[in-house]
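Chemist: You'll find start_20.cif just under this line, and it carries mmCIF, C-alpha atoms and all ligand atoms.
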data_final
loop_
_atom_site.label_atom_id
_atom_site.label_comp_id
_atom_site.auth_asym_id
_atom_site.auth_seq_id
_atom_site.Cartn_x
_atom_site.Cartn_y
_atom_site.Cartn_z
CA MET A 1 118.85 128.25 24.29
CA SER A 2 122.46 127.93 25.51
CA SER A 3 123.18 126.44 28.92
CA TRP A 4 124.81 128.51 31.65
CA ASN A 5 128.01 126.49 31.33
CA ASP A 6 128.18 127.03 27.56
CA TRP A 7 127.61 130.75 27.93
CA ILE A 8 130.21 131.17 30.69
CA GLY A 9 132.70 129.16 28.63
CA GLU A 10 132.09 131.37 25.60
CA GLU A 11 132.45 134.57 27.61
CA LEU A 12 135.76 133.43 29.09
CA HIS A 13 136.99 132.29 25.70
CA GLU A 14 136.22 135.70 24.22
CA LEU A 15 138.10 137.47 27.02
CA ASP A 16 141.03 135.16 26.33
CA VAL A 17 141.03 135.88 22.61
CA LEU A 18 140.91 139.63 23.25
CA GLN A 19 143.78 139.33 25.77
CA LEU A 20 141.43 140.71 28.40
CA LYS A 21 141.23 137.77 30.79
CA ARG A 22 142.37 138.61 34.29
CA GLU A 23 143.17 136.53 37.30
CA CYS A 24 144.12 137.12 40.90
CA MET A 25 147.84 136.70 41.52
CA PRO A 26 148.83 135.60 45.02
CA VAL A 27 151.65 137.79 46.36
CA ARG A 28 153.30 138.31 49.72
CA ASN A 29 154.52 141.59 51.27
CA ALA A 30 152.45 143.77 48.93
CA GLN A 31 152.80 146.50 51.60
CA LEU A 32 156.56 146.79 50.98
CA PRO A 33 158.64 148.20 48.09
CA VAL A 34 159.81 144.64 47.44
CA LEU A 35 157.08 142.00 47.29
CA SER A 36 157.31 138.33 46.68
CA TRP A 37 155.52 136.50 43.88
CA ASN A 38 155.91 132.77 43.25
CA GLY A 39 158.71 132.86 45.84
CA LYS A 40 160.62 135.47 43.80
CA LYS A 41 161.40 138.97 45.09
CA MET A 42 160.15 141.82 42.89
CA PHE A 43 160.23 145.60 43.01
CA ASN A 44 156.68 146.60 43.75
CA PHE A 45 155.23 149.29 41.47
CA SER A 46 151.62 148.23 41.75
CA SER A 47 150.52 149.41 45.19
CA ASN A 48 148.65 152.54 46.21
CA ASN A 49 150.63 152.68 49.43
CA TYR A 50 152.19 155.92 48.23
CA LEU A 51 153.65 157.08 51.54
CA GLY A 52 154.79 153.59 52.50
CA LEU A 53 152.64 153.66 55.66
CA ALA A 54 150.85 150.32 55.20
CA ALA A 55 153.52 148.41 57.14
CA HIS A 56 154.16 151.15 59.72
CA PRO A 57 154.61 149.69 63.24
CA LYS A 58 152.28 152.32 64.70
CA LEU A 59 149.50 151.21 62.37
CA LYS A 60 150.02 147.56 63.29
CA GLU A 61 149.92 148.54 66.98
CA ALA A 62 146.73 150.57 66.42
CA ILE A 63 145.09 147.55 64.75
CA CYS A 64 145.96 145.40 67.79
CA ARG A 65 144.75 148.07 70.22
CA GLY A 66 141.47 148.39 68.33
CA THR A 67 140.95 144.65 68.46
CA VAL A 68 140.89 144.69 72.27
CA ALA A 69 137.31 146.00 71.94
CA GLY A 70 136.38 142.97 69.81
CA SER A 71 136.67 141.77 66.26
CA GLY A 72 133.50 142.89 64.50
CA GLY A 73 131.58 146.10 63.85
CA VAL A 74 128.53 144.12 65.14
CA ALA A 75 125.74 146.25 63.63
CA SER A 76 125.08 148.87 61.02
CA ARG A 77 126.00 152.47 61.76
CA LEU A 78 122.47 153.61 62.54
CA ILE A 79 121.97 150.78 65.03
CA ILE A 80 124.96 150.34 67.39
CA GLY A 81 127.78 150.31 64.82
CA HIS A 82 128.69 153.95 65.43
CA SER A 83 131.29 153.49 68.17
CA GLU A 84 132.68 156.36 70.24
CA GLU A 85 135.94 155.88 68.38
CA THR A 86 134.14 156.23 65.02
CA GLU A 87 132.69 159.52 66.28
CA LEU A 88 136.20 160.70 67.19
CA LEU A 89 137.58 159.62 63.82
CA GLU A 90 134.86 161.51 61.97
CA ARG A 91 135.60 164.67 63.97
CA GLU A 92 139.28 164.27 63.20
CA ILE A 93 138.59 163.84 59.49
CA ALA A 94 136.43 166.99 59.48
CA ARG A 95 139.24 168.92 61.19
CA PHE A 96 141.76 167.54 58.69
CA LYS A 97 139.60 168.47 55.67
CA LYS A 98 138.51 171.78 57.26
CA THR A 99 134.84 170.96 56.81
CA GLU A 100 131.93 171.05 59.25
CA LYS A 101 131.37 167.31 59.22
CA ALA A 102 132.68 164.03 57.89
CA LEU A 103 131.15 160.61 57.48
CA LEU A 104 133.05 157.32 57.51
CA PHE A 105 132.13 154.72 54.88
CA PRO A 106 133.26 151.08 54.64
CA ASN A 107 135.33 151.84 51.53
CA GLY A 108 135.70 154.29 48.67
CA TYR A 109 133.49 152.34 46.29
CA MET A 110 130.63 152.43 48.77
CA ALA A 111 131.27 156.09 49.61
CA ASN A 112 130.88 157.12 45.98
CA VAL A 113 127.85 154.94 45.37
CA GLY A 114 126.20 156.01 48.64
CA MET A 115 126.92 159.70 48.18
CA LEU A 116 125.63 159.85 44.61
CA THR A 117 122.50 157.81 45.18
CA ALA A 118 121.68 159.97 48.20
CA LEU A 119 122.13 163.26 46.37
CA VAL A 120 120.67 162.85 42.89
CA THR A 121 117.65 161.25 41.26
CA SER A 122 116.20 161.04 37.75
CA LYS A 123 115.30 164.74 38.03
CA ASP A 124 118.98 165.71 38.25
CA ALA A 125 121.98 165.80 35.94
CA VAL A 126 125.49 164.63 36.76
CA PHE A 127 128.50 165.86 34.78
CA SER A 128 131.26 163.33 35.05
CA ASP A 129 134.78 163.32 33.59
CA GLN A 130 135.10 160.48 31.11
CA TYR A 131 137.95 158.92 33.13
CA ASN A 132 136.31 159.07 36.55
CA HIS A 133 136.61 155.95 38.66
CA ALA A 134 134.17 153.08 38.10
CA SER A 135 132.61 153.61 41.53
CA ILE A 136 131.49 157.09 40.43
CA VAL A 137 130.05 155.70 37.20
CA ASP A 138 128.21 152.99 39.12
CA GLY A 139 126.87 155.51 41.65
CA ILE A 140 125.47 157.69 38.87
CA ARG A 141 123.89 154.69 37.12
CA LEU A 142 122.28 153.48 40.32
CA SER A 143 120.95 156.95 41.18
CA GLY A 144 119.01 157.12 37.91
CA ALA A 145 120.27 160.69 37.33
CA ARG A 146 120.91 161.84 33.78
CA LEU A 147 124.56 161.24 32.98
CA PHE A 148 126.44 163.87 30.97
CA ARG A 149 129.95 162.54 30.44
CA TYR A 150 132.47 165.15 29.35
CA ARG A 151 135.73 164.48 27.57
CA HIS A 152 138.66 164.02 29.90
CA LEU A 153 139.67 167.41 31.39
CA ASP A 154 137.85 169.20 28.54
CA LEU A 155 136.20 172.23 30.12
CA ASN A 156 134.72 173.52 26.87
CA HIS A 157 132.95 170.22 26.45
CA LEU A 158 131.76 170.37 30.05
CA GLU A 159 130.29 173.83 29.50
CA LYS A 160 128.52 172.65 26.35
CA ARG A 161 127.00 169.80 28.28
CA LEU A 162 125.94 172.11 31.12
CA LYS A 163 124.21 174.41 28.63
CA SER A 164 122.40 171.51 27.00
CA ALA A 165 121.18 170.28 30.41
CA ASP A 166 119.84 173.76 31.16
CA GLN A 167 117.63 173.44 28.08
CA LYS A 168 116.31 170.10 29.29
CA GLY A 169 114.94 171.47 32.54
CA VAL A 170 116.91 169.44 35.08
CA ARG A 171 116.42 170.19 38.78
CA HIS A 172 120.00 170.14 40.13
CA LYS A 173 123.37 169.90 38.41
CA LEU A 174 126.31 168.13 39.99
CA ILE A 175 129.85 168.07 38.60
CA ILE A 176 132.03 165.21 39.83
CA THR A 177 135.67 164.46 39.20
CA ASP A 178 138.64 162.51 40.49
CA SER A 179 141.20 165.06 41.69
CA VAL A 180 144.09 162.79 40.65
CA PHE A 181 143.14 160.31 37.94
CA SER A 182 143.92 156.77 38.97
CA MET A 183 145.15 155.35 35.66
CA ASP A 184 146.72 158.47 34.09
CA GLY A 185 148.17 160.31 37.07
CA ASP A 186 147.00 163.68 35.74
CA VAL A 187 145.11 166.26 37.77
CA ALA A 188 141.65 167.82 37.38
CA PRO A 189 141.65 171.62 36.85
CA LEU A 190 139.86 172.25 40.14
CA ARG A 191 140.19 176.05 40.07
CA GLU A 192 138.49 176.24 36.67
CA LEU A 193 135.87 173.71 37.77
CA VAL A 194 135.02 175.96 40.71
CA ARG A 195 134.53 178.88 38.33
CA ILE A 196 132.29 176.76 36.10
CA LYS A 197 130.24 175.34 38.94
CA GLU A 198 129.53 178.86 40.15
CA LYS A 199 128.61 180.06 36.67
CA TYR A 200 126.08 177.26 36.17
CA GLY A 201 124.82 176.93 39.75
CA ALA A 202 126.08 173.36 40.02
CA ALA A 203 127.50 171.45 42.98
CA LEU A 204 131.11 170.27 42.76
CA VAL A 205 132.09 166.95 44.32
CA ILE A 206 135.61 165.54 44.17
CA ASP A 207 137.15 162.13 44.72
CA GLU A 208 140.52 162.54 46.42
CA ALA A 209 141.32 158.81 46.58
CA HIS A 210 144.77 159.45 45.06
CA GLY A 211 145.18 163.08 46.14
CA ALA A 212 144.60 162.97 49.90
CA GLY A 213 147.70 162.15 51.91
CA VAL A 214 149.98 163.04 49.01
CA PHE A 215 149.11 166.63 48.15
CA GLY A 216 148.27 169.78 50.08
CA PRO A 217 149.50 171.04 53.43
CA ARG A 218 149.67 168.08 55.88
CA GLY A 219 148.36 165.87 53.08
CA GLN A 220 144.90 167.43 53.10
CA GLY A 221 144.45 166.82 49.39
CA MET A 222 144.64 168.40 45.96
CA ALA A 223 141.80 170.87 46.62
CA HIS A 224 143.77 172.25 49.56
CA GLU A 225 146.97 172.30 47.49
CA LEU A 226 145.18 174.42 44.88
CA GLY A 227 143.49 176.58 47.53
CA VAL A 228 139.92 175.79 46.47
CA HIS A 229 138.84 173.43 49.25
CA GLU A 230 136.21 175.81 50.60
CA GLU A 231 134.47 175.90 47.23
CA ILE A 232 134.08 172.13 46.99
CA ASP A 233 130.69 170.87 48.16
CA LEU A 234 131.78 167.36 49.10
CA HIS A 235 135.24 165.85 49.43
CA MET A 236 135.45 162.09 49.19
CA GLY A 237 138.64 160.27 50.11
CA THR A 238 139.80 156.83 51.05
CA PHE A 239 141.97 155.34 53.80
CA SER A 240 143.07 152.50 51.53
CA LYS A 241 145.76 154.31 49.56
CA ALA A 242 148.23 156.87 51.00
CA PHE A 243 146.80 156.23 54.48
CA GLY A 244 147.69 152.54 54.24
CA VAL A 245 144.56 151.11 55.91
CA TYR A 246 140.95 150.69 54.71
CA GLY A 247 137.70 152.63 54.72
CA ALA A 248 136.71 155.99 53.24
CA TYR A 249 135.04 159.27 54.06
CA VAL A 250 132.88 162.03 52.66
CA ALA A 251 133.35 165.50 54.17
CA GLY A 252 131.38 168.71 53.76
CA LYS A 253 128.67 170.90 55.27
CA LYS A 254 126.71 169.41 58.16
CA GLU A 255 123.36 169.37 56.36
CA TRP A 256 124.85 167.58 53.35
CA ILE A 257 126.40 164.96 55.62
CA SER A 258 123.14 164.61 57.51
CA LEU A 259 121.34 163.86 54.25
CA LEU A 260 123.90 161.12 53.53
CA VAL A 261 123.39 159.62 56.99
CA ASN A 262 119.69 159.36 56.17
CA ARG A 263 119.84 158.34 52.53
CA ALA A 264 123.13 156.63 51.67
CA ARG A 265 122.10 152.99 51.45
CA SER A 266 125.69 151.75 51.26
CA LEU A 267 126.16 153.27 54.72
CA ILE A 268 122.83 152.33 56.24
CA TYR A 269 122.45 148.74 55.05
CA THR A 270 125.84 147.34 55.90
CA THR A 271 127.79 146.49 59.02
CA ALA A 272 130.11 149.14 60.46
CA LEU A 273 133.87 148.77 59.98
CA PRO A 274 135.61 146.60 62.61
CA PRO A 275 137.10 148.50 65.59
CA ALA A 276 140.65 147.57 64.52
CA ILE A 277 140.20 149.46 61.26
CA VAL A 278 138.69 152.51 62.93
CA SER A 279 141.55 152.62 65.40
CA ALA A 280 144.14 152.25 62.62
CA ASN A 281 142.49 154.97 60.55
CA ARG A 282 142.80 157.40 63.46
CA MET A 283 146.50 156.62 63.71
CA ALA A 284 146.91 156.82 59.92
CA LEU A 285 145.38 160.28 59.93
CA ARG A 286 147.88 161.36 62.56
CA LEU A 287 150.81 159.82 60.66
CA VAL A 288 149.72 161.37 57.36
CA THR A 289 149.54 164.87 58.81
CA GLN A 290 153.12 164.43 60.08
CA ALA A 291 154.48 162.89 56.88
CA ASP A 292 156.00 165.93 55.17
CA GLN A 293 159.30 164.15 54.76
CA ARG A 294 157.67 161.15 53.06
CA ARG A 295 155.66 163.48 50.79
CA GLY A 296 158.86 165.31 49.87
CA GLU A 297 160.69 162.07 49.07
CA LEU A 298 157.79 160.75 47.03
CA LYS A 299 157.67 163.95 45.01
CA GLU A 300 161.41 163.99 44.38
CA LYS A 301 161.46 160.36 43.25
CA THR A 302 158.36 160.78 41.11
CA VAL A 303 159.67 163.84 39.29
CA TRP A 304 162.99 162.10 38.62
CA PHE A 305 161.49 158.78 37.51
CA ARG A 306 159.05 160.42 35.11
CA LYS A 307 161.76 162.67 33.64
CA GLN A 308 164.01 159.67 33.03
CA LEU A 309 161.21 157.82 31.23
CA MET A 310 160.46 160.85 29.07
CA GLN A 311 164.13 161.36 28.22
CA LYS A 312 164.30 157.75 27.09
CA GLY A 313 161.39 158.41 24.77
CA PHE A 314 158.56 156.66 26.64
CA ALA A 315 155.02 158.01 26.51
CA VAL A 316 153.83 158.96 30.00
CA GLY A 317 151.00 161.29 28.96
CA ASN A 318 150.20 164.21 31.25
CA SER A 319 151.04 162.51 34.52
CA SER A 320 152.22 164.98 37.14
CA THR A 321 151.78 162.79 40.21
CA GLN A 322 153.02 159.56 41.82
CA ILE A 323 150.97 157.57 39.26
CA ILE A 324 153.03 157.22 36.10
CA PRO A 325 151.52 155.34 33.16
CA LEU A 326 153.72 153.89 30.47
CA TYR A 327 151.43 153.84 27.46
CA LEU A 328 151.90 150.81 25.22
CA GLY A 329 148.74 150.67 23.12
CA GLU A 330 147.55 147.16 22.41
CA ASN A 331 146.72 144.66 25.12
CA ALA A 332 149.15 142.02 23.87
CA ARG A 333 152.05 144.46 23.94
CA ALA A 334 151.22 145.63 27.46
CA LEU A 335 150.91 142.04 28.69
CA ALA A 336 154.20 141.00 27.10
CA PHE A 337 155.98 144.07 28.48
CA SER A 338 154.65 143.44 31.96
CA GLU A 339 155.58 139.75 31.80
CA SER A 340 159.14 140.53 30.64
CA LEU A 341 159.55 143.02 33.47
CA ARG A 342 158.33 140.41 35.94
CA GLN A 343 160.96 137.99 34.65
CA ARG A 344 163.55 140.64 35.54
CA GLY A 345 162.05 141.25 39.00
CA VAL A 346 159.76 144.26 38.46
CA PHE A 347 156.07 143.98 39.28
CA ALA A 348 154.04 146.54 37.26
CA LEU A 349 150.80 145.13 35.97
CA ALA A 350 149.29 145.76 32.56
CA ILE A 351 146.13 147.86 32.75
CA ARG A 352 143.69 147.07 29.97
CA PRO A 353 140.11 147.84 28.94
CA PRO A 354 137.54 148.23 30.36
CA THR A 355 139.63 149.94 33.07
CA VAL A 356 141.18 152.15 30.35
CA PRO A 357 139.99 152.93 26.79
CA VAL A 358 140.75 150.45 23.99
CA HIS A 359 144.16 150.83 22.31
CA THR A 360 145.55 152.57 25.41
CA ALA A 361 146.75 149.58 27.42
CA ARG A 362 149.57 150.59 29.71
CA LEU A 363 151.75 149.69 32.62
CA ARG A 364 150.82 151.72 35.66
CA PHE A 365 153.84 152.56 37.81
CA SER A 366 152.84 153.86 41.19
CA LEU A 367 155.71 155.13 43.27
CA MET A 368 156.18 154.86 47.00
CA ALA A 369 158.11 157.28 49.23
CA ASN A 370 160.24 154.37 50.42
CA HIS A 371 161.31 153.00 47.04
CA SER A 372 165.09 153.30 47.09
CA TRP A 373 166.92 155.26 44.40
CA GLU A 374 168.70 152.02 43.43
CA GLN A 375 165.35 150.27 42.91
CA LEU A 376 164.21 153.11 40.66
CA GLU A 377 167.47 153.15 38.68
CA GLN A 378 167.48 149.38 38.18
CA THR A 379 163.84 149.46 37.12
CA LEU A 380 164.55 152.09 34.48
CA GLY A 381 167.35 149.89 33.15
CA TYR A 382 165.00 146.90 32.92
CA ILE A 383 162.33 148.96 31.17
CA GLU A 384 164.88 149.96 28.53
CA GLN A 385 166.07 146.36 28.13
CA VAL A 386 162.53 145.06 27.67
CA ASN A 387 161.71 147.82 25.22
CA LYS A 388 164.75 146.91 23.11
CA THR A 389 163.92 143.21 23.05
CA MET A 390 160.34 143.95 22.09
CA ARG A 391 161.37 146.18 19.19
CA ARG A 392 163.55 143.48 17.64
C1 LIG B 1 139.47 157.33 42.19
C2 LIG B 1 139.03 156.20 43.08
N1 LIG B 1 137.88 156.32 43.77
C3 LIG B 1 137.44 155.34 44.56
C4 LIG B 1 138.15 154.17 44.72
C5 LIG B 1 137.60 153.10 45.60
O1 LIG B 1 138.23 153.18 46.86
P1 LIG B 1 138.32 151.89 47.78
O2 LIG B 1 139.46 151.09 47.28
O3 LIG B 1 138.53 152.45 49.16
O4 LIG B 1 137.02 151.16 47.65
C6 LIG B 1 139.36 154.00 44.02
C7 LIG B 1 140.20 152.79 44.10
O5 LIG B 1 139.98 151.75 44.45
C8 LIG B 1 139.80 155.03 43.17
O6 LIG B 1 140.92 154.89 42.45
#
Show me the file's structure as structure tokens.
Modeler:
Amino acid sequence: MSSWNDWIGEELHELDVLQLKRECMPVRNAQLPVLSWNGKKMFNFSSNNYLGLAAHPKLKEAICRGTVAGSGGVASRLIIGHSEETELLEREIARFKKTEKALLFPNGYMANVGMLTALVTSKDAVFSDQYNHASIVDGIRLSGARLFRYRHLDLNHLEKRLKSADQKGVRHKLIITDSVFSMDGDVAPLRELVRIKEKYGAALVIDEAHGAGVFGPRGQGMAHELGVHEEIDLHMGTFSKAFGVYGAYVAGKKEWISLLVNRARSLIYTTALPPAIVSANRMALRLVTQADQRRGELKEKTVWFRKQLMQKGFAVGNSSTQIIPLYLGENARALAFSESLRQRGVFALAIRPPTVPVHTARLRFSLMANHSWEQLEQTLGYIEQVNKTMRR
């Protein structure tokens, strides 16, 4: 029998050999387009702060204002953790998403896990896009529901899986998808998914972590952009990305939300968010709804940056959003590319399995509205330089 230390050593060694070992890298100013790493300034292409709001003075002020009430959330939501300000925030989210109700969660991971475990059990079937976020996968696993993964964006495959579930006598069917995929930057065909959910009597739940704030009128999200928001049963979104703060929400019909209040263990058995965060999320919501100019700039820069990469012959897949992957294939190549870019002052981390499928390691460039055109131009130049040196 091997000792714990031997086993841990072997596991780490294997990760090393496979070029899959990761470590936390201490950085400063991650909220800005230029961060600092090891005392060196770098263009920051690794944040989800798409609208550049995370360092907004009004958000910092809102954090300070919230803190006047105290530092901690002090109890779980069903005890005394549901402050008056949380109630206001939830009403504001519901208004923003045009739903009857909304429920604040500590973060997006817990929102997905809580929502799924509250809604489905071993009697039910969940149909999940192959590239859905890990928090969705974990929520399904924990719920015990039957998992039917369908190939990424492949609606024929989804329909086949729905038909096969019908033959197996499941109680309820639930289709779940990211609206904007976090590592590929492509978009789920929500209109077609609505048609399919109606055809098969399924529920449709979407994760707008990377869509809310960026797409739709006033940043309401991709479902609103595509005009299908009323057909979505639950909308999940997070405050940690375009909104620049922390926390997440699930929005939908009042009975659905009420079930989550009663059954979502990741809501019930944890302390409420601190007042500073609740206060900042209210301000972030206001800023996001007024951020048309930032959304416009982000879109313009994204379209240009992606087009330049494509014209230079780089593989960016089907990205049509602010998330632009540069596919490199093997882990070693992605790591070397990322490291060479860092030496030139560009911070874009290599994304490797298990976050993405094997042989599809990539650099994930996420753009911010406040990247300057010069930063983008210089970065493209560095990408070309690194590519040339790596081909030699
Ligand atoms: C698609 C998606 N869903 C959920 C989450 C989790 O959100 P949070 O960071 O708020 O926990 C993330 C990212 O972290 C994500 O990319």
Chemist: Smallest atom-to-atom distance to ligand LIG 1 (chain B): which of A:Gly329, A:Gly185, A:Gly219, A:Gly252, using only C-alpha atoms and all ligand atoms?
Modeler: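 Counting only C-alpha atoms and all ligand atoms, the residue closest to ligand LIG 1 (chain B) is A:Gly185.
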Chemist: Please write as a ChimeraX atom specification the list of polymer residues whose atoms come within 12 Å of (128.7, 177.8, 40.8), counting all atoms listed in the file and keeping to the coordinates of the file.
Modeler: /A:162,172-175,191-205,231-233
Chemist: Measuring atom to atom with all atoms listed in the file, identify which of A:Met368, A:Ala242, A:Leu328, A:Leu51 is nearest to ligand LIG 1 (chain B).
Modeler: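 The closest residue to ligand LIG 1 (chain B) is A:Ala242.
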Chemist: Using all atoms listed in the file, can you tell me which of A:Ser240, A:Thr99, A:Thr117, A:Ser76 comes closest to A:Ala264?
Modeler: A:Thr117
Chemist: Near A:Phe337, within 12 Å and counting only C-alpha atoms, which residues show up once chain neighbours fewer than 5 positions away are dropped, as number ranges by chain?
Modeler: A: 326-332, 342-344, 346-351, 361-364, 382-391
Chemist: Which protein, DNA or RNA residues have an atom within 7 Å of ligand LIG 1 (chain B), counting only C-alpha atoms and all ligand atoms, as a list of chain:residue names?
Modeler: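 Written in the requested form, the residues are A:Asn107, A:Gly108, A:Tyr109, A:Met110, A:Asn112, A:Asn132, A:His133, A:Ser135, A:Asp178, A:Phe181, A:Ser182, A:Asp207, A:Glu208, A:Ala209, A:His210, A:Thr238, A:Phe239, A:Ser240, A:Tyr246, A:Gly247, A:Ala248.
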Chemist: Considering only C-alpha atoms, state which residue in the set A:Ser164, A:Gln31, A:Thr302, A:Thr121 is at the smallest distance from A:Asn44.
Modeler: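 The answer is A:Gln31, which sits nearest to A:Asn44.
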Chemist: Can you check which parts of stretch 180-265 of chain A lie within 8 Å of stretch 77-97 of chain A? Per residue, the shortest pair of atoms and distance in Å to one decimal, counting all atoms listed in the file, sorted by chain and number, as CSV.
Modeler:
residue,atom,partner,partner_atom,distance
A:Gln220,CA,A:Lys97,CA,6.0
A:Tyr249,CA,A:Ile93,CA,7.9
A:Ala251,CA,A:Ala94,CA,6.3
A:Gly252,CA,A:Ala94,CA,7.8
Chemist: Calculate how many Å separate atom CA of A:Ser258 from atom CA of A:Thr271, rounding to one decimal.
Modeler: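 Atom-to-atom, atom CA of A:Ser258 and atom CA of A:Thr271 are spaced 18.8 Å apart.
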Chemist: In Å, rounded to a single decimal, give me how far atom CA of A:Ala276 is from atom CA of A:Gly213.
Modeler: 20.5 Å
Chemist: Would you list the contacts of A:Ala54 as a ChimeraX atom specification, taking every protein, DNA or RNA residue within 12 Å and counting only C-alpha atoms, but skipping same-chain residues closer than 4 positions in sequence?
Modeler: /A:29-33,47-50,58-63,239-246,280-281,283-284,287-288,368-370
Chemist: Would you list the contacts of stretch 19-27 of chain A as JSON, numbers by chain, taking every protein, DNA or RNA residue within 10 Å and counting all atoms listed in the file, but skipping same-chain residues closer than 5 positions in sequence?
Modeler: {"A": [11, 12, 13, 14, 35, 36, 37, 38, 39, 40, 41, 330, 331, 332, 333, 334, 335, 351, 352, 353, 354]}
Chemist: Within 8 Å of A:Gly72, counting only C-alpha atoms, which residues show up once you throw out same-chain ones fewer than 3 positions away? Write them as a PyMOL selection string, please.
Modeler: chain A and resi 273-275
Chemist: Restrict the selected residues to C-alpha atoms and save them as a tab-separated table (two decimals), in the frame of the given file.
Modeler:
chain	number	residue	atom	x	y	z
A	273	LEU	CA	133.87	148.77	59.98
A	274	PRO	CA	135.61	146.60	62.61
A	275	PRO	CA	137.10	148.50	65.59
